[in-house]
$ cat target.txt   # compact mmCIF, C-alpha atoms
# COMPACT_ATOMS: atom_id res chain seq x y z
CA MET A 1 -4.11 61.58 61.37
CA PRO A 2 -3.17 57.97 60.45
CA LEU A 3 0.50 57.55 61.32
CA GLN A 4 2.73 54.96 59.66
CA PRO A 5 5.99 53.50 60.98
CA VAL A 6 9.03 55.13 59.42
CA VAL A 7 11.34 52.60 57.79
CA LYS A 8 13.50 54.66 55.44
CA ARG A 9 17.06 55.77 56.14
CA SER A 10 16.43 59.45 56.91
CA VAL A 11 14.16 59.06 59.88
CA SER A 12 13.56 62.70 60.79
CA ALA A 13 12.99 63.56 57.12
CA ASP A 14 10.34 60.86 56.86
CA VAL A 15 8.60 62.12 59.99
CA PHE A 16 8.67 65.62 58.49
CA GLU A 17 7.19 64.39 55.19
CA GLN A 18 4.34 62.52 56.88
CA ILE A 19 3.27 65.42 59.06
CA ALA A 20 3.83 68.03 56.34
CA ALA A 21 1.63 66.06 53.95
CA ASP A 22 -1.19 65.98 56.51
CA VAL A 23 -0.87 69.72 57.16
CA LEU A 24 -0.81 70.67 53.48
CA SER A 25 -3.71 68.37 52.60
CA GLY A 26 -5.87 69.85 55.35
CA GLU A 27 -6.09 66.59 57.25
CA LEU A 28 -4.41 68.48 60.07
CA PRO A 29 -6.25 71.83 59.92
CA PRO A 30 -4.89 75.12 61.28
CA GLY A 31 -5.32 75.33 65.04
CA SER A 32 -5.23 71.59 65.61
CA THR A 33 -2.55 70.14 67.87
CA LEU A 34 -0.12 67.30 67.32
CA PRO A 35 0.40 64.47 69.78
CA SER A 36 3.29 64.91 72.18
CA GLU A 37 6.84 64.05 71.13
CA ARG A 38 6.62 60.83 73.12
CA GLN A 39 3.31 59.84 71.52
CA LEU A 40 4.58 60.63 68.04
CA ALA A 41 7.76 58.67 68.63
CA GLU A 42 5.80 55.65 69.81
CA ALA A 43 3.27 55.82 66.98
CA LEU A 44 5.94 56.21 64.31
CA GLY A 45 8.41 53.79 65.81
CA VAL A 46 11.24 56.32 65.93
CA SER A 47 13.28 58.10 68.57
CA ARG A 48 12.20 61.30 70.28
CA PRO A 49 15.25 63.17 68.94
CA ALA A 50 14.15 62.27 65.40
CA VAL A 51 10.65 63.60 66.13
CA ARG A 52 12.10 66.73 67.72
CA GLU A 53 14.27 67.39 64.67
CA ALA A 54 11.29 66.93 62.34
CA LEU A 55 9.15 69.28 64.42
CA GLN A 56 11.86 71.93 64.31
CA ARG A 57 11.99 71.61 60.55
CA LEU A 58 8.19 71.86 60.33
CA ALA A 59 8.34 75.00 62.46
CA GLY A 60 11.03 76.44 60.20
CA ALA A 61 8.77 75.82 57.20
CA GLY A 62 5.93 77.72 58.90
CA LEU A 63 3.73 74.64 59.19
CA VAL A 64 3.58 74.32 62.99
CA ALA A 65 4.35 76.34 66.09
CA VAL A 66 6.45 74.51 68.66
CA ARG A 67 6.33 75.88 72.20
CA GLN A 68 8.37 74.23 74.92
CA GLY A 69 6.14 72.69 77.53
CA ASP A 70 3.05 73.22 75.39
CA ALA A 71 1.31 71.44 72.52
CA THR A 72 2.60 71.78 68.96
CA THR A 73 -0.01 73.71 67.00
CA VAL A 74 -0.68 73.48 63.27
CA LEU A 75 -0.43 76.83 61.49
CA ASP A 76 -2.14 78.10 58.36
CA TYR A 77 0.63 77.59 55.81
CA ARG A 78 -0.97 80.18 53.50
CA HIS A 79 0.06 82.89 55.94
CA GLY A 80 3.18 81.45 57.53
CA SER A 81 5.08 79.51 54.87
CA GLY A 82 7.22 80.50 51.90
CA LEU A 83 7.73 79.35 48.33
CA GLU A 84 9.70 76.32 49.49
CA ILE A 85 6.46 74.39 50.02
CA LEU A 86 5.30 74.86 46.41
CA PRO A 87 6.70 71.54 45.13
CA ARG A 88 4.74 69.69 47.80
CA LEU A 89 1.58 71.61 46.97
CA LEU A 90 1.84 71.15 43.20
CA ILE A 91 2.16 67.37 43.16
CA ARG A 92 0.20 65.42 45.76
CA ASP A 93 0.20 61.64 45.68
CA GLY A 94 1.52 61.83 42.13
CA VAL A 95 -1.35 64.03 40.95
CA LEU A 96 -1.06 67.60 39.67
CA GLU A 97 -3.05 70.12 41.75
CA PRO A 98 -4.82 72.37 39.18
CA ALA A 99 -5.27 75.43 41.42
CA VAL A 100 -1.60 75.46 42.40
CA ALA A 101 -0.46 74.97 38.80
CA ARG A 102 -2.71 77.83 37.71
CA SER A 103 -1.19 80.12 40.33
CA ILE A 104 2.34 79.28 39.19
CA LEU A 105 1.41 80.00 35.58
CA GLU A 106 -0.10 83.36 36.51
CA VAL A 107 3.09 84.37 38.32
CA ARG A 108 5.17 83.12 35.39
CA LEU A 109 3.28 85.29 32.90
CA HIS A 110 3.41 88.33 35.18
CA ASN A 111 7.10 88.06 36.08
CA GLY A 112 8.58 86.83 32.82
CA PRO A 113 8.33 90.11 30.87
CA LYS A 114 9.69 92.10 33.82
CA ILE A 115 12.64 89.74 34.17
CA ALA A 116 13.37 90.10 30.45
CA GLU A 117 13.12 93.89 30.74
CA LEU A 118 15.54 94.04 33.66
CA ALA A 119 17.89 91.62 31.92
CA ALA A 120 18.06 93.93 28.90
CA ILE A 121 18.88 96.86 31.17
CA ARG A 122 21.43 95.22 33.45
CA LEU A 123 23.16 92.39 31.62
CA GLY A 124 26.89 92.20 30.93
CA GLY A 125 28.65 90.88 27.85
CA ASP A 126 29.39 87.39 29.16
CA ILE A 127 25.80 86.92 30.31
CA ALA A 128 24.50 88.12 26.94
CA GLU A 129 26.52 85.41 25.21
CA GLY A 130 25.09 82.83 27.59
CA ILE A 131 21.52 83.93 26.84
CA VAL A 132 22.04 83.70 23.08
CA ALA A 133 23.67 80.27 23.50
CA ALA A 134 20.80 79.11 25.74
CA ALA A 135 18.29 80.13 23.06
CA ALA A 136 20.23 77.98 20.59
CA GLU A 137 20.02 75.05 23.01
CA VAL A 138 16.22 75.40 23.09
CA ALA A 139 16.20 75.17 19.31
CA ALA A 140 18.52 72.14 19.37
CA ALA A 141 16.17 70.32 21.77
CA ALA A 142 13.15 70.70 19.46
CA GLY A 143 11.33 67.43 19.04
CA ASP A 144 11.98 66.22 22.58
CA PRO A 145 9.33 67.85 24.80
CA ILE A 146 11.11 67.10 28.07
CA ALA A 147 14.56 68.17 26.88
CA ALA A 148 13.07 71.29 25.30
CA GLN A 149 11.37 72.30 28.55
CA LEU A 150 14.61 71.80 30.47
CA ALA A 151 16.48 73.88 27.87
CA ALA A 152 13.84 76.60 28.21
CA LEU A 153 14.27 76.59 31.99
CA THR A 154 18.02 77.03 31.51
CA PHE A 155 17.33 79.94 29.14
CA TRP A 156 15.18 81.65 31.78
CA ASP A 157 17.82 80.87 34.39
CA HIS A 158 20.25 82.98 32.37
CA LEU A 159 17.69 85.78 32.07
CA VAL A 160 17.13 85.79 35.83
CA ASP A 161 20.87 86.04 36.38
CA ALA A 162 21.01 88.98 33.99
CA ALA A 163 18.06 90.67 35.74
CA ASP A 164 20.23 90.78 38.90
CA SER A 165 17.29 90.63 41.32
CA ILE A 166 17.65 88.46 44.41
CA VAL A 167 13.87 88.29 44.82
CA PHE A 168 13.31 87.08 41.27
CA ARG A 169 16.21 84.64 41.72
CA LEU A 170 14.72 83.07 44.84
CA MET A 171 11.27 82.97 43.28
CA PHE A 172 12.59 81.36 40.12
CA THR A 173 14.51 78.72 42.07
CA MET A 174 11.40 77.69 43.99
CA LEU A 175 9.08 77.87 40.98
CA ARG A 176 11.50 75.73 38.99
CA ALA A 177 11.61 73.16 41.80
CA ALA A 178 7.82 73.03 41.69
CA TYR A 179 7.62 72.92 37.90
CA GLU A 180 10.22 70.25 37.09
CA PRO A 181 8.29 67.28 38.58
CA ALA A 182 5.38 68.19 36.27
CA LEU A 183 7.40 68.34 33.03
CA ALA A 184 5.90 65.19 31.57
CA ALA A 185 2.34 66.16 32.49
CA LEU A 186 2.75 69.64 30.97
CA ALA A 187 4.59 68.52 27.82
CA PRO A 188 1.51 68.34 25.53
CA VAL A 189 0.55 71.96 26.17
CA MET A 190 4.08 73.35 26.53
CA SER A 191 5.36 71.76 23.32
CA ALA A 192 4.25 74.70 21.16
CA GLU A 193 6.02 77.22 23.39
CA VAL A 194 9.30 75.37 23.88
CA GLY A 195 9.25 74.40 20.22
CA ASN A 196 9.08 78.06 19.15
CA ALA A 197 12.83 78.42 18.61
CA GLU A 198 12.47 81.69 16.73
CA ALA A 199 10.69 83.32 19.68
CA TYR A 200 13.55 82.39 22.01
CA ARG A 201 16.13 83.68 19.54
CA SER A 202 14.17 86.91 19.11
CA LEU A 203 13.89 87.44 22.86
CA ALA A 204 17.58 86.69 23.34
CA ALA A 205 18.45 89.20 20.62
CA ALA A 206 16.36 91.94 22.25
CA VAL A 207 18.00 91.33 25.62
CA ALA A 208 21.49 91.18 24.13
CA ALA A 209 20.80 94.44 22.27
CA GLY A 210 19.83 96.14 25.53
CA ASP A 211 16.28 96.89 24.37
CA PRO A 212 14.09 96.51 27.49
CA GLU A 213 10.80 97.39 25.81
CA ALA A 214 11.26 94.85 23.02
CA ALA A 215 12.50 92.25 25.50
CA ALA A 216 9.38 92.61 27.66
CA GLU A 217 7.05 92.47 24.64
CA ARG A 218 8.76 89.39 23.20
CA ALA A 219 8.76 87.63 26.55
CA ARG A 220 5.02 88.16 26.87
CA ALA A 221 4.45 87.02 23.30
CA LEU A 222 6.43 83.86 24.04
CA LEU A 223 4.76 83.02 27.35
CA GLU A 224 1.16 84.10 26.88
CA PRO A 225 -0.26 81.48 24.45
CA ALA A 226 0.73 78.39 26.44
CA THR A 227 -0.02 80.12 29.75
CA THR A 228 -3.52 81.11 28.62
CA ALA A 229 -4.21 77.63 27.26
CA LEU A 230 -3.04 75.96 30.45
CA ILE A 231 -5.01 78.29 32.70
CA GLU A 232 -8.15 77.51 30.71
CA ILE A 233 -7.51 73.79 31.08
CA LEU A 234 -6.80 74.07 34.80
CA SER A 235 -9.63 76.45 35.70
CA PRO A 236 -12.76 74.80 37.07
CA GLU A 237 -15.74 74.82 34.75
CA GLU A 238 -18.45 77.29 35.67
CA GLU A 239 -21.82 75.98 36.60
CA PRO A 240 -24.45 76.55 33.90
$ encode --input "target.txt" --output "structure tokens"
Amino acid sequence: MPLQPVVKRSVSADVFEQIAADVLSGELPPGSTLPSERQLAEALGVSRPAVREALQRLAGAGLVAVRQGDATTVLDYRHGSGLEILPRLLIRDGVLEPAVARSILEVRLHNGPKIAELAAIRLGGDIAEGIVAAAAEVAAAAGDPIAAQLAALTFWDHLVDAADSIVFRLMFTMLRAAYEPALAALAPVMSAEVGNAEAYRSLAAAVAAGDPEAAAERARALLEPATTALIEILSPEEEP
């Protein structure tokens, strides 16, 4: 694990980022142990309290196990971490990770229709107005692929609120955090979806009318084309 001196303002955060990157990349595999606090502090040129704080944060993220008087052990993040690590997995060294992006898209297509269905069942009048207005904002952003994607995210944010599900809310928050850094990279494929103003208006109308079946169908019709196209692009080619 090549360690680099930390020079930025938030010292413990920089220590966290360095070690987290090595864990998530596999450079520090599950079961391996980190150097002691003293050794890490010396190698990184920081204080032991900064290292200790970073290790506690890594433990909280499910990336390592810290045991007093024992070595700090790297954990398998696939079994111990939550959605909060998705942004770090999706973009590594400025490059989009295809397998992670594909997984996010699969969840998006699966959850979107259910969120729309629940929104149609549970929404209140004020939220319905917000959904219809958000659909209009998507239409107004047509022609600007980044602005249109952001408007579409806001539209879905309103739907998630209307669905009144804490699990979907937490999932959406983390998925959005992972998705937003990739807006520019995804713009060419997403442009058709976020440019489909009529589909957003139609979905908003079904939700506002309290028609869960139509809302689910229209959500799937909206999401499926771009999702399928992106998954095909991101999936590895099969060997002949």
$ residues_around --input "target.txt" --residues "A:Arg57" --least-positions-apart "4" --cutoff "8 Å" --atoms "all atoms listed in the file" --output "PyMOL selection string"
chain A and resi 16+53+61
$ closest_residue --input "target.txt" --among "A:Leu222, A:Ile85, A:Val11, A:Ala133" --to "A:Arg52" --atoms "all atoms listed in the file"
A:Val11
$ residues_near_point --input "target.txt" --point "(15.7, 99.8, 28.3)" --cutoff "8 Å" --atoms "all atoms listed in the file" --output "list of chain:residue names"
A:Glu117, A:Leu118, A:Ala120, A:Ile121, A:Gly210, A:Asp211, A:Pro212, A:Glu213
$ closest_residue --input "target.txt" --among "A:Ala147, A:Ile115, A:Ala152, A:Met174" --to "A:Glu217" --atoms "all atoms listed in the file"
A:Ile115
$ atom_distance --input "target.txt" --atom1 "atom CA of A:Asp164" --atom2 "atom CA of A:Tyr200"
20.0 Å
$ atom_distance --input "target.txt" --atom1 "atom CA of A:Ala21" --atom2 "atom CA of A:Leu34"
13.5 Å
$ closest_residue --input "target.txt" --among "A:Leu28, A:Leu90, A:Ala215, A:Leu55" --to "A:Asp76" --atoms "only C-alpha atoms"
A:Leu28
$ closest_residue --input "target.txt" --among "A:Arg78, A:His158, A:Arg201, A:Arg38" --to "A:Leu63" --atoms "all atoms listed in the file"
A:Arg78
$ residues_around --input "target.txt" --residues "A:Ala204" --least-positions-apart "5" --cutoff "9 Å" --atoms "all atoms listed in the file" --output "JSON, numbers by chain"
{"A": [116, 128, 131, 132, 133, 134, 135, 155, 159, 199, 209, 215]}
$ atom_distance --input "target.txt" --atom1 "atom CA of A:Ala221" --atom2 "atom CA of A:Thr173"
22.9 Å
$ decode --input "target.txt" --residues "stretch 25-56 of chain A" --atoms "N, CA and C atoms" --output "PDB file, in the first residue's frame"
ATOM      1  N   SER A  25     -10.389  -0.619  -3.957  1.00  0.00           N
ATOM      2  CA  SER A  25      -9.747  -1.052  -5.204  1.00  0.00           C
ATOM      3  C   SER A  25      -9.245  -2.483  -5.126  1.00  0.00           C
ATOM      4  N   GLY A  26      -9.170  -3.018  -3.903  1.00  0.00           N
ATOM      5  CA  GLY A  26      -8.649  -4.374  -3.729  1.00  0.00           C
ATOM      6  C   GLY A  26      -7.173  -4.406  -3.444  1.00  0.00           C
ATOM      7  N   GLU A  27      -6.527  -3.218  -3.441  1.00  0.00           N
ATOM      8  CA  GLU A  27      -5.105  -3.198  -3.124  1.00  0.00           C
ATOM      9  C   GLU A  27      -4.863  -3.651  -1.694  1.00  0.00           C
ATOM     10  N   LEU A  28      -5.825  -3.348  -0.832  1.00  0.00           N
ATOM     11  CA  LEU A  28      -5.832  -3.896   0.527  1.00  0.00           C
ATOM     12  C   LEU A  28      -6.961  -4.922   0.568  1.00  0.00           C
ATOM     13  N   PRO A  29      -6.673  -6.196   0.367  1.00  0.00           N
ATOM     14  CA  PRO A  29      -7.732  -7.202   0.286  1.00  0.00           C
ATOM     15  C   PRO A  29      -8.317  -7.542   1.652  1.00  0.00           C
ATOM     16  N   PRO A  30      -9.522  -8.110   1.665  1.00  0.00           N
ATOM     17  CA  PRO A  30     -10.128  -8.525   2.934  1.00  0.00           C
ATOM     18  C   PRO A  30      -9.206  -9.490   3.691  1.00  0.00           C
ATOM     19  N   GLY A  31      -9.092  -9.264   4.991  1.00  0.00           N
ATOM     20  CA  GLY A  31      -8.240 -10.107   5.815  1.00  0.00           C
ATOM     21  C   GLY A  31      -6.848  -9.559   6.030  1.00  0.00           C
ATOM     22  N   SER A  32      -6.431  -8.608   5.187  1.00  0.00           N
ATOM     23  CA  SER A  32      -5.118  -8.014   5.379  1.00  0.00           C
ATOM     24  C   SER A  32      -5.161  -7.048   6.566  1.00  0.00           C
ATOM     25  N   THR A  33      -4.015  -6.720   7.082  1.00  0.00           N
ATOM     26  CA  THR A  33      -3.958  -5.836   8.258  1.00  0.00           C
ATOM     27  C   THR A  33      -3.241  -4.538   7.898  1.00  0.00           C
ATOM     28  N   LEU A  34      -3.663  -3.464   8.563  1.00  0.00           N
ATOM     29  CA  LEU A  34      -3.030  -2.170   8.368  1.00  0.00           C
ATOM     30  C   LEU A  34      -1.840  -2.033   9.311  1.00  0.00           C
ATOM     31  N   PRO A  35      -0.909  -1.162   8.973  1.00  0.00           N
ATOM     32  CA  PRO A  35       0.163  -0.858   9.933  1.00  0.00           C
ATOM     33  C   PRO A  35      -0.437  -0.275  11.210  1.00  0.00           C
ATOM     34  N   SER A  36       0.338  -0.228  12.242  1.00  0.00           N
ATOM     35  CA  SER A  36      -0.137   0.323  13.510  1.00  0.00           C
ATOM     36  C   SER A  36      -0.432   1.814  13.357  1.00  0.00           C
ATOM     37  N   GLU A  37      -1.154   2.372  14.325  1.00  0.00           N
ATOM     38  CA  GLU A  37      -1.430   3.814  14.304  1.00  0.00           C
ATOM     39  C   GLU A  37      -0.134   4.614  14.216  1.00  0.00           C
ATOM     40  N   ARG A  38       0.852   4.222  14.998  1.00  0.00           N
ATOM     41  CA  ARG A  38       2.122   4.942  14.995  1.00  0.00           C
ATOM     42  C   ARG A  38       2.787   4.883  13.627  1.00  0.00           C
ATOM     43  N   GLN A  39       2.784   3.680  13.017  1.00  0.00           N
ATOM     44  CA  GLN A  39       3.417   3.523  11.705  1.00  0.00           C
ATOM     45  C   GLN A  39       2.663   4.321  10.632  1.00  0.00           C
ATOM     46  N   LEU A  40       1.344   4.297  10.706  1.00  0.00           N
ATOM     47  CA  LEU A  40       0.557   5.065   9.741  1.00  0.00           C
ATOM     48  C   LEU A  40       0.809   6.559   9.902  1.00  0.00           C
ATOM     49  N   ALA A  41       0.841   7.003  11.141  1.00  0.00           N
ATOM     50  CA  ALA A  41       1.074   8.426  11.395  1.00  0.00           C
ATOM     51  C   ALA A  41       2.431   8.861  10.852  1.00  0.00           C
ATOM     52  N   GLU A  42       3.448   8.041  11.050  1.00  0.00           N
ATOM     53  CA  GLU A  42       4.780   8.372  10.561  1.00  0.00           C
ATOM     54  C   GLU A  42       4.823   8.361   9.039  1.00  0.00           C
ATOM     55  N   ALA A  43       4.211   7.344   8.426  1.00  0.00           N
ATOM     56  CA  ALA A  43       4.251   7.227   6.973  1.00  0.00           C
ATOM     57  C   ALA A  43       3.486   8.355   6.287  1.00  0.00           C
ATOM     58  N   LEU A  44       2.388   8.771   6.908  1.00  0.00           N
ATOM     59  CA  LEU A  44       1.548   9.802   6.309  1.00  0.00           C
ATOM     60  C   LEU A  44       1.930  11.214   6.737  1.00  0.00           C
ATOM     61  N   GLY A  45       2.758  11.314   7.746  1.00  0.00           N
ATOM     62  CA  GLY A  45       3.162  12.629   8.213  1.00  0.00           C
ATOM     63  C   GLY A  45       2.066  13.370   8.940  1.00  0.00           C
ATOM     64  N   VAL A  46       1.260  12.627   9.696  1.00  0.00           N
ATOM     65  CA  VAL A  46       0.143  13.227  10.435  1.00  0.00           C
ATOM     66  C   VAL A  46       0.202  12.760  11.884  1.00  0.00           C
ATOM     67  N   SER A  47      -0.699  13.291  12.698  1.00  0.00           N
ATOM     68  CA  SER A  47      -0.729  12.919  14.106  1.00  0.00           C
ATOM     69  C   SER A  47      -1.472  11.607  14.311  1.00  0.00           C
ATOM     70  N   ARG A  48      -1.189  10.942  15.410  1.00  0.00           N
ATOM     71  CA  ARG A  48      -1.901   9.710  15.727  1.00  0.00           C
ATOM     72  C   ARG A  48      -3.394   9.941  15.957  1.00  0.00           C
ATOM     73  N   PRO A  49      -3.800  11.061  16.596  1.00  0.00           N
ATOM     74  CA  PRO A  49      -5.241  11.299  16.718  1.00  0.00           C
ATOM     75  C   PRO A  49      -5.943  11.401  15.367  1.00  0.00           C
ATOM     76  N   ALA A  50      -5.269  11.984  14.370  1.00  0.00           N
ATOM     77  CA  ALA A  50      -5.867  12.065  13.033  1.00  0.00           C
ATOM     78  C   ALA A  50      -6.030  10.676  12.436  1.00  0.00           C
ATOM     79  N   VAL A  51      -5.019   9.823  12.617  1.00  0.00           N
ATOM     80  CA  VAL A  51      -5.110   8.445  12.129  1.00  0.00           C
ATOM     81  C   VAL A  51      -6.220   7.702  12.856  1.00  0.00           C
ATOM     82  N   ARG A  52      -6.288   7.892  14.174  1.00  0.00           N
ATOM     83  CA  ARG A  52      -7.307   7.205  14.968  1.00  0.00           C
ATOM     84  C   ARG A  52      -8.716   7.607  14.510  1.00  0.00           C
ATOM     85  N   GLU A  53      -8.902   8.894  14.263  1.00  0.00           N
ATOM     86  CA  GLU A  53     -10.208   9.365  13.798  1.00  0.00           C
ATOM     87  C   GLU A  53     -10.559   8.765  12.444  1.00  0.00           C
ATOM     88  N   ALA A  54      -9.575   8.682  11.546  1.00  0.00           N
ATOM     89  CA  ALA A  54      -9.814   8.105  10.223  1.00  0.00           C
ATOM     90  C   ALA A  54     -10.158   6.624  10.330  1.00  0.00           C
ATOM     91  N   LEU A  55      -9.455   5.910  11.213  1.00  0.00           N
ATOM     92  CA  LEU A  55      -9.727   4.484  11.382  1.00  0.00           C
ATOM     93  C   LEU A  55     -11.127   4.250  11.952  1.00  0.00           C
ATOM     94  N   GLN A  56     -11.545   5.112  12.849  1.00  0.00           N
ATOM     95  CA  GLN A  56     -12.904   4.992  13.388  1.00  0.00           C
ATOM     96  C   GLN A  56     -13.946   5.213  12.296  1.00  0.00           C
TER      97      GLN A  56
END
